[in-house]
$ cat my_file-v4.txt   # compact mmCIF, C-alpha atoms and all ligand atoms
# COMPACT_ATOMS: atom_id res chain seq x y z
CA MET A 267 -40.60 126.60 151.47
CA ALA A 268 -41.43 130.17 152.57
CA GLN A 269 -42.98 132.44 149.99
CA LYS A 270 -40.95 135.38 148.69
CA LEU A 271 -42.43 138.70 149.69
CA ARG A 272 -42.75 141.50 147.16
CA LEU A 273 -41.33 144.67 148.63
CA ALA A 274 -41.90 148.30 147.71
CA VAL A 275 -38.99 150.29 149.15
CA LEU A 276 -39.51 154.00 149.89
CA LEU A 277 -36.42 156.14 150.42
CA SER A 278 -35.16 159.71 150.36
CA GLY A 279 -31.40 159.43 150.43
CA SER A 280 -28.34 157.32 150.01
CA GLY A 281 -30.11 153.98 150.10
CA THR A 282 -27.54 151.83 151.90
CA ASN A 283 -30.41 149.92 153.55
CA LEU A 284 -31.89 149.32 150.09
CA GLN A 285 -28.48 148.12 148.92
CA ALA A 286 -28.25 145.67 151.82
CA LEU A 287 -31.65 144.24 150.87
CA LEU A 288 -30.72 144.04 147.20
CA ASP A 289 -27.45 142.25 148.04
CA ARG A 290 -29.19 139.74 150.28
CA SER A 291 -31.92 139.22 147.71
CA ALA A 292 -29.31 138.55 145.01
CA SER A 293 -27.41 136.11 147.22
CA GLY A 294 -30.63 134.27 148.13
CA THR A 295 -30.53 135.02 151.87
CA LEU A 296 -33.55 137.34 151.76
CA LYS A 297 -36.95 135.72 151.38
CA ALA A 298 -38.14 138.72 149.43
CA GLN A 299 -37.61 140.63 146.22
CA VAL A 300 -37.64 144.38 145.72
CA ALA A 301 -40.42 145.05 143.21
CA VAL A 302 -40.16 148.84 143.04
CA VAL A 303 -38.27 151.73 144.65
CA VAL A 304 -40.03 155.05 145.26
CA SER A 305 -38.43 158.31 146.30
CA ASP A 306 -39.65 161.78 147.18
CA ARG A 307 -36.31 163.19 145.98
CA PRO A 308 -35.28 162.99 142.32
CA GLY A 309 -31.59 163.14 143.27
CA ALA A 310 -31.67 160.36 145.87
CA HIS A 311 -28.68 158.09 145.39
CA GLY A 312 -30.88 155.14 146.32
CA LEU A 313 -32.61 155.52 142.94
CA LYS A 314 -29.27 154.89 141.19
CA ARG A 315 -28.76 151.76 143.28
CA ALA A 316 -32.18 150.52 142.18
CA GLU A 317 -31.50 151.28 138.52
CA LEU A 318 -28.19 149.40 138.69
CA ALA A 319 -30.09 146.39 140.00
CA ASN A 320 -32.73 146.76 137.26
CA ILE A 321 -35.47 147.58 139.74
CA PRO A 322 -38.18 149.96 138.50
CA THR A 323 -38.18 153.38 140.18
CA ARG A 324 -40.79 156.06 140.67
CA ILE A 325 -40.40 159.65 141.88
CA ILE A 326 -43.16 161.51 143.70
CA ASP A 327 -42.88 165.28 143.43
CA TYR A 328 -43.63 165.86 147.11
CA ARG A 329 -42.35 169.41 147.03
CA ALA A 330 -44.86 170.55 144.37
CA LEU A 331 -47.72 168.51 145.81
CA MET A 332 -47.14 169.82 149.33
CA GLU A 333 -47.21 173.38 147.96
CA LYS A 334 -50.42 172.65 146.08
CA GLY A 335 -51.98 171.20 149.24
CA ARG A 336 -50.94 174.24 151.26
CA ASP A 337 -52.29 176.76 148.73
CA GLU A 338 -55.40 174.98 147.46
CA TRP A 339 -56.62 172.69 150.24
CA GLU A 340 -60.02 174.42 150.48
CA ARG A 341 -60.76 173.87 146.78
CA LEU A 342 -59.25 170.44 146.20
CA GLN A 343 -61.29 167.31 145.52
CA LEU A 344 -59.56 164.75 147.74
CA PRO A 345 -60.34 161.06 148.23
CA VAL A 346 -60.65 161.58 152.00
CA ASP A 347 -62.22 164.06 154.40
CA LEU A 348 -59.43 166.31 155.68
CA ARG A 349 -61.03 167.07 159.04
CA GLU A 350 -61.63 163.41 159.72
CA LEU A 351 -58.01 162.73 158.76
CA ASP A 352 -56.86 165.47 161.11
CA GLU A 353 -58.78 163.81 163.96
CA ALA A 354 -57.03 160.51 163.28
CA GLN A 355 -53.49 161.75 162.71
CA GLN A 356 -50.90 161.97 165.48
CA ILE A 357 -48.01 163.46 163.54
CA LEU A 358 -48.81 167.17 163.16
CA HIS A 359 -49.01 168.84 166.53
CA PHE A 360 -49.00 172.56 165.71
CA PRO A 361 -52.14 174.44 166.79
CA ASP A 362 -53.02 176.24 163.52
CA VAL A 363 -55.83 174.10 162.04
CA SER A 364 -55.74 175.48 158.51
CA LYS A 365 -51.99 174.97 158.41
CA ARG A 366 -52.51 171.35 159.51
CA LEU A 367 -55.24 170.79 156.91
CA GLY A 368 -53.05 172.30 154.19
CA ARG A 369 -50.18 170.03 155.19
CA LEU A 370 -52.46 166.98 155.27
CA ALA A 371 -53.88 167.89 151.85
CA GLY A 372 -50.37 167.92 150.39
CA MET A 373 -49.62 164.58 151.98
CA VAL A 374 -52.81 163.05 150.61
CA LEU A 375 -52.02 164.32 147.09
CA ALA A 376 -48.55 162.78 147.25
CA GLU A 377 -49.70 159.58 148.91
CA ASP A 378 -52.52 159.10 146.44
CA GLU A 379 -50.04 159.29 143.60
CA MET A 380 -47.72 156.92 145.45
CA ILE A 381 -50.53 154.40 146.05
CA ARG A 382 -51.40 154.46 142.35
CA HIS A 383 -47.78 153.70 141.42
CA LEU A 384 -47.43 151.04 144.10
CA ASN A 385 -50.67 149.29 143.12
CA ALA A 386 -49.16 148.45 139.76
CA PHE A 387 -46.51 146.37 141.52
CA GLN A 388 -48.78 144.56 144.00
CA PRO A 389 -46.41 144.79 146.98
CA ASP A 390 -46.95 142.57 150.02
CA CYS A 391 -45.05 144.97 152.19
CA ILE A 392 -44.05 148.65 152.10
CA VAL A 393 -40.50 149.04 153.41
CA LEU A 394 -39.50 152.51 154.59
CA ALA A 395 -35.73 152.75 154.28
CA GLY A 396 -34.68 156.27 155.12
CA PHE A 397 -37.93 157.78 153.79
CA MET A 398 -37.89 161.20 155.42
CA ARG A 399 -41.56 162.08 154.98
CA LEU A 400 -44.35 161.58 157.46
CA LEU A 401 -47.16 159.36 156.24
CA SER A 402 -50.77 160.27 156.94
CA PRO A 403 -53.48 157.84 158.05
CA TYR A 404 -54.75 157.98 154.45
CA PHE A 405 -51.71 156.05 153.22
CA LEU A 406 -51.41 153.84 156.29
CA ARG A 407 -55.07 152.76 156.24
CA HIS A 408 -54.71 151.75 152.62
CA TYR A 409 -52.09 149.17 153.60
CA ASN A 410 -52.89 148.44 157.25
CA ARG A 411 -56.29 146.94 156.52
CA ASP A 412 -58.04 143.62 157.22
CA GLY A 413 -56.20 143.41 160.53
CA ALA A 414 -52.76 143.24 158.87
CA TRP A 415 -49.79 145.57 159.26
CA ARG A 416 -48.05 146.09 155.95
CA VAL A 417 -45.83 149.16 156.38
CA LEU A 418 -42.43 148.57 157.97
CA ASN A 419 -40.01 151.24 159.12
CA ILE A 420 -36.44 151.14 160.31
CA HIS A 421 -35.48 153.74 162.85
CA PRO A 422 -31.94 154.50 164.05
CA SER A 423 -32.58 154.50 167.81
CA LEU A 424 -33.80 152.24 170.54
CA LEU A 425 -37.46 153.33 170.43
CA PRO A 426 -39.33 154.73 172.23
CA ALA A 427 -36.21 156.80 172.88
CA PHE A 428 -35.30 159.38 170.26
CA PRO A 429 -38.09 159.26 167.66
CA GLY A 430 -37.94 161.68 164.73
CA GLN A 431 -35.44 162.45 162.03
CA ARG A 432 -32.22 162.58 164.08
CA GLY A 433 -31.94 159.16 165.66
CA TYR A 434 -28.13 158.90 165.64
CA GLU A 435 -27.56 162.56 166.51
CA ASP A 436 -29.97 162.38 169.47
CA THR A 437 -28.45 159.09 170.68
CA PHE A 438 -24.97 160.60 170.54
CA ASP A 439 -25.88 163.98 172.03
CA TYR A 440 -27.82 162.53 174.96
CA GLY A 441 -24.86 160.54 176.18
CA VAL A 442 -26.60 157.17 176.46
CA LYS A 443 -24.20 154.24 176.78
CA TRP A 444 -26.19 151.85 174.60
CA GLY A 445 -27.63 152.82 171.25
CA GLY A 446 -30.01 150.76 169.23
CA VAL A 447 -31.91 150.30 166.00
CA THR A 448 -35.57 149.39 165.70
CA VAL A 449 -37.77 147.85 163.04
CA HIS A 450 -41.43 148.58 163.65
CA PHE A 451 -44.74 148.73 161.85
CA ALA A 452 -45.91 152.23 161.00
CA ASP A 453 -49.03 153.57 162.71
CA GLU A 454 -50.66 157.02 162.95
CA GLY A 455 -47.92 158.43 165.17
CA GLU A 456 -44.29 159.24 164.44
CA ASP A 457 -42.17 156.14 165.19
CA THR A 458 -44.81 154.85 167.63
CA GLY A 459 -46.02 151.68 165.87
CA PRO A 460 -45.66 148.08 167.10
CA ILE A 461 -42.03 147.06 167.48
CA LEU A 462 -40.94 143.98 165.55
CA ALA A 463 -37.32 143.72 166.67
CA GLN A 464 -34.44 145.76 168.04
CA ALA A 465 -30.68 145.41 168.18
CA VAL A 466 -28.34 147.26 170.52
CA TYR A 467 -24.77 148.49 170.33
CA PRO A 468 -22.40 149.96 172.92
CA VAL A 469 -21.44 153.63 172.74
CA TRP A 470 -17.71 153.89 173.46
CA PRO A 471 -16.01 156.85 175.16
CA ASP A 472 -13.96 157.55 172.02
CA ASP A 473 -16.93 157.45 169.64
CA ASP A 474 -17.88 160.35 167.45
CA LEU A 475 -21.15 160.64 165.55
CA ASP A 476 -19.65 158.96 162.47
CA SER A 477 -18.31 155.91 164.28
CA LEU A 478 -21.58 155.52 166.15
CA ARG A 479 -23.64 155.78 162.96
CA LYS A 480 -21.35 153.28 161.20
CA ARG A 481 -21.85 150.74 164.00
CA GLY A 482 -25.61 151.30 164.01
CA LEU A 483 -25.98 151.04 160.24
CA GLN A 484 -24.29 147.62 160.16
CA LEU A 485 -26.93 146.46 162.63
CA GLU A 486 -29.71 148.09 160.60
CA TYR A 487 -28.82 146.02 157.55
CA ALA A 488 -28.88 142.73 159.47
CA LEU A 489 -31.99 143.64 161.46
CA TYR A 490 -34.11 144.73 158.49
CA ALA A 491 -33.34 141.63 156.45
CA GLN A 492 -34.01 139.35 159.41
CA CYS A 493 -37.36 141.03 160.14
CA ILE A 494 -38.43 140.63 156.53
CA ASN A 495 -37.41 136.96 156.66
CA TRP A 496 -39.43 136.45 159.84
CA LEU A 497 -42.44 137.98 158.12
CA ALA A 498 -41.95 135.91 154.98
CA SER A 499 -41.69 132.73 157.06
CA GLY A 500 -44.87 133.44 159.02
CA GLN A 501 -42.93 133.72 162.29
CA VAL A 502 -44.51 136.99 163.44
CA ARG A 503 -47.47 136.98 165.84
CA PHE A 504 -49.62 139.85 167.15
CA PHE A 505 -51.04 140.20 170.64
CA GLU A 506 -52.86 142.93 172.51
CA SER A 507 -51.40 144.25 175.75
CA SER A 508 -53.57 145.05 178.75
CA HIS A 509 -53.29 148.71 177.61
CA GLY A 510 -54.65 147.89 174.17
CA ARG A 511 -51.30 148.25 172.46
CA THR A 512 -50.36 145.80 169.71
CA ILE A 513 -47.44 143.66 170.80
CA VAL A 514 -45.42 141.73 168.24
CA LYS A 515 -43.68 138.48 169.06
CA ILE A 516 -41.22 136.52 166.97
CA ILE A 517 -41.81 132.78 167.01
CA ASP A 518 -38.39 131.53 165.98
CA PRO A 519 -36.38 129.01 168.03
CA ASN A 520 -33.22 130.79 166.83
CA TYR A 521 -34.34 134.18 168.18
CA PRO A 522 -31.98 134.21 171.22
CA ARG A 523 -29.00 133.15 169.10
CA ILE A 524 -29.74 135.82 166.49
CA LEU A 525 -29.94 138.55 169.15
CA LYS A 526 -26.71 137.33 170.70
CA ASP A 527 -24.95 137.33 167.30
CA TRP A 528 -26.04 140.93 166.70
CA ALA A 529 -24.77 142.01 170.11
CA ILE A 530 -21.43 140.28 169.56
CA SER A 531 -21.05 141.84 166.12
CA ALA A 532 -21.69 145.26 167.68
CA PHE A 533 -18.61 144.75 169.89
CA SER A 534 -16.35 143.96 166.95
CA GLY A 535 -12.89 145.51 167.15
CA LYS A 536 -13.20 146.21 170.90
CA THR A 537 -12.74 142.79 172.50
C1 LIG A 601 -30.99 155.07 158.19
O1 LIG A 601 -30.14 155.24 159.28
C2 LIG A 601 -32.42 154.92 158.68
O2 LIG A 601 -32.53 154.21 159.88
C3 LIG A 601 -32.81 156.36 158.86
O3 LIG A 601 -32.28 157.00 157.73
C4 LIG A 601 -31.08 156.34 157.35
C5 LIG A 601 -31.15 156.03 155.86
O4 LIG A 601 -29.91 155.58 155.42
N1 LIG A 601 -34.21 156.54 158.95
C6 LIG A 601 -34.77 157.47 159.71
O5 LIG A 601 -34.14 158.26 160.38
C7 LIG A 601 -36.29 157.50 159.68
N2 LIG A 601 -36.78 158.41 160.65
P1 LIG A 601 -29.77 154.90 153.99
O6 LIG A 601 -30.44 155.84 152.98
O7 LIG A 601 -28.31 154.80 153.75
O8 LIG A 601 -30.46 153.56 154.03
$ encode --input "my_file-v4.txt" --output "structure tokens"
Amino acid sequence: MAQKLRLAVLLSGSGTNLQALLDRSASGTLKAQVAVVVSDRPGAHGLKRAELANIPTRIIDYRALMEKGRDEWERLQLPVDLRELDEAQQILHFPDVSKRLGRLAGMVLAEDEMIRHLNAFQPDCIVLAGFMRLLSPYFLRHYNRDGAWRVLNIHPSLLPAFPGQRGYEDTFDYGVKWGGVTVHFADEGEDTGPILAQAVYPVWPDDDLDSLRKRGLQLEYALYAQCINWLASGQVRFFESSHGRTIVKIIDPNYPRILKDWAISAFSGKT
């Protein structure tokens, strides 16, 4: 019997991915339980979903902490060296160093608070579900240690195409004929970490952004739950490519059938 994973879900908005996990957890099809939900936005609807399911919630006042980091970074006592962090990070690309250090300081303040909250719940896995903040190497190293990857993200495009905050918009605006959704582990870059699994959907000539997003979101819900189940069942393996990149492989005899089912579901209503 596979062990149930303890999940900490981080979100910023409506939380339909959280809801899909909660529903599957309640029906027994998810080999995991949501232990805590954290948001950077007090008004996030996802927090209400958590409360309705009796899941503890925490709010991190990112706005205030980012301001504090920006204004006080030279005087702050932080648990990490900012310049060393700046060397390691691959998310802030603007040339102004003090602006970067101020931004990183704010992130560390917020992440430190988040880690303290999360520690109380002993999560096995951090699940980013529409969390619209970049995470610094300070947070990621705390969880990605001892050779394990513990921070999962879902991204609404077929990575490495269209990273960033506008996955569906960029997919739609570019005119690609297949869209996709990706679950990957988070690393120091933005949406660059090792890919766990992807599902694709056709883009139809009569689609608009809403219909495309609706099709993609249905796949997101199935994909995220399946990835968490693969992790919980010990069916995820890590390899190194000849370029030194971490490659993830799923060791599940049902893998081809699952991918085929996703593809068929993405055609629903058209054939
Ligand atoms: C989802 O589409 C998720 O893939 C995306 O935000 C949405 C959250 O929806 N995440 C990102 O774009 C991360 N860069 P939800 O709040 O209804 O789950």
$ residues_around --input "my_file-v4.txt" --residues "stretch 485-500 of chain A" --least-positions-apart "5" --cutoff "10 Å" --atoms "only C-alpha atoms" --output "compact mmCIF listing (two decimals) with C-alpha atoms, keeping the file's coordinate frame"
# COMPACT_ATOMS: atom_id res chain seq x y z
CA MET A 267 -40.60 126.60 151.47
CA ALA A 268 -41.43 130.17 152.57
CA GLN A 269 -42.98 132.44 149.99
CA LYS A 270 -40.95 135.38 148.69
CA LEU A 271 -42.43 138.70 149.69
CA ARG A 272 -42.75 141.50 147.16
CA LEU A 273 -41.33 144.67 148.63
CA THR A 282 -27.54 151.83 151.90
CA ASN A 283 -30.41 149.92 153.55
CA LEU A 284 -31.89 149.32 150.09
CA GLN A 285 -28.48 148.12 148.92
CA ALA A 286 -28.25 145.67 151.82
CA LEU A 287 -31.65 144.24 150.87
CA LEU A 288 -30.72 144.04 147.20
CA ARG A 290 -29.19 139.74 150.28
CA SER A 291 -31.92 139.22 147.71
CA THR A 295 -30.53 135.02 151.87
CA LEU A 296 -33.55 137.34 151.76
CA LYS A 297 -36.95 135.72 151.38
CA ALA A 298 -38.14 138.72 149.43
CA ASP A 390 -46.95 142.57 150.02
CA CYS A 391 -45.05 144.97 152.19
CA VAL A 393 -40.50 149.04 153.41
CA ALA A 395 -35.73 152.75 154.28
CA LEU A 418 -42.43 148.57 157.97
CA ASN A 419 -40.01 151.24 159.12
CA ILE A 420 -36.44 151.14 160.31
CA HIS A 421 -35.48 153.74 162.85
CA PRO A 422 -31.94 154.50 164.05
CA GLY A 446 -30.01 150.76 169.23
CA VAL A 447 -31.91 150.30 166.00
CA THR A 448 -35.57 149.39 165.70
CA VAL A 449 -37.77 147.85 163.04
CA HIS A 450 -41.43 148.58 163.65
CA LEU A 462 -40.94 143.98 165.55
CA ALA A 463 -37.32 143.72 166.67
CA GLN A 464 -34.44 145.76 168.04
CA ALA A 465 -30.68 145.41 168.18
CA VAL A 466 -28.34 147.26 170.52
CA TYR A 467 -24.77 148.49 170.33
CA ARG A 479 -23.64 155.78 162.96
CA LYS A 480 -21.35 153.28 161.20
CA ILE A 516 -41.22 136.52 166.97
CA ILE A 517 -41.81 132.78 167.01
CA ASP A 518 -38.39 131.53 165.98
CA ILE A 524 -29.74 135.82 166.49
CA LEU A 525 -29.94 138.55 169.15
CA TRP A 528 -26.04 140.93 166.70
CA ALA A 529 -24.77 142.01 170.11
CA SER A 531 -21.05 141.84 166.12
CA ALA A 532 -21.69 145.26 167.68
$ residues_around --input "my_file-v4.txt" --residues "A:His311" --least-positions-apart "2" --cutoff "10 Å" --atoms "only C-alpha atoms" --output "list of chain:residue names"
A:Leu277, A:Ser278, A:Gly279, A:Ser280, A:Gly281, A:Thr282, A:Ser305, A:Arg307, A:Pro308, A:Gly309, A:Leu313, A:Lys314, A:Arg315, A:Ala316
$ closest_residue --input "my_file-v4.txt" --among "A:Ile530, A:Leu394, A:Leu375, A:Leu478" --to "ligand LIG 601 (chain A)" --atoms "all atoms listed in the file"
A:Leu394
$ closest_residue --input "my_file-v4.txt" --among "A:Asp306, A:Asp362, A:Asp347, A:Asp457" --to "ligand LIG 601 (chain A)" --atoms "all atoms listed in the file"
A:Asp457
$ closest_residue --input "my_file-v4.txt" --among "A:Glu506, A:Asp472, A:Glu333, A:Glu456" --to "A:Leu425" --atoms "all atoms listed in the file"
A:Glu456
$ atom_distance --input "my_file-v4.txt" --atom1 "atom CA of A:Val417" --atom2 "atom CA of A:Thr323"
18.4 Å
$ atom_distance --input "my_file-v4.txt" --atom1 "atom CA of A:Asn385" --atom2 "atom CA of A:Gln431"
27.6 Å
$ closest_residue --input "my_file-v4.txt" --among "A:Gly445, A:Pro345, A:Gly368, A:Gly312" --to "ligand LIG 601 (chain A)" --atoms "only C-alpha atoms and all ligand atoms"
A:Gly312
$ closest_residue --input "my_file-v4.txt" --among "A:Val514, A:Ala310, A:Met373, A:Ala414" --to "ligand LIG 601 (chain A)" --atoms "only C-alpha atoms and all ligand atoms"
A:Ala310
$ closest_residue --input "my_file-v4.txt" --among "A:Arg481, A:Arg366, A:Asp436, A:Ile513" --to "A:Phe451" --atoms "only C-alpha atoms"
A:Ile513
$ atom_distance --input "my_file-v4.txt" --atom1 "atom CA of A:His359" --atom2 "atom CA of A:Leu401"
14.1 Å
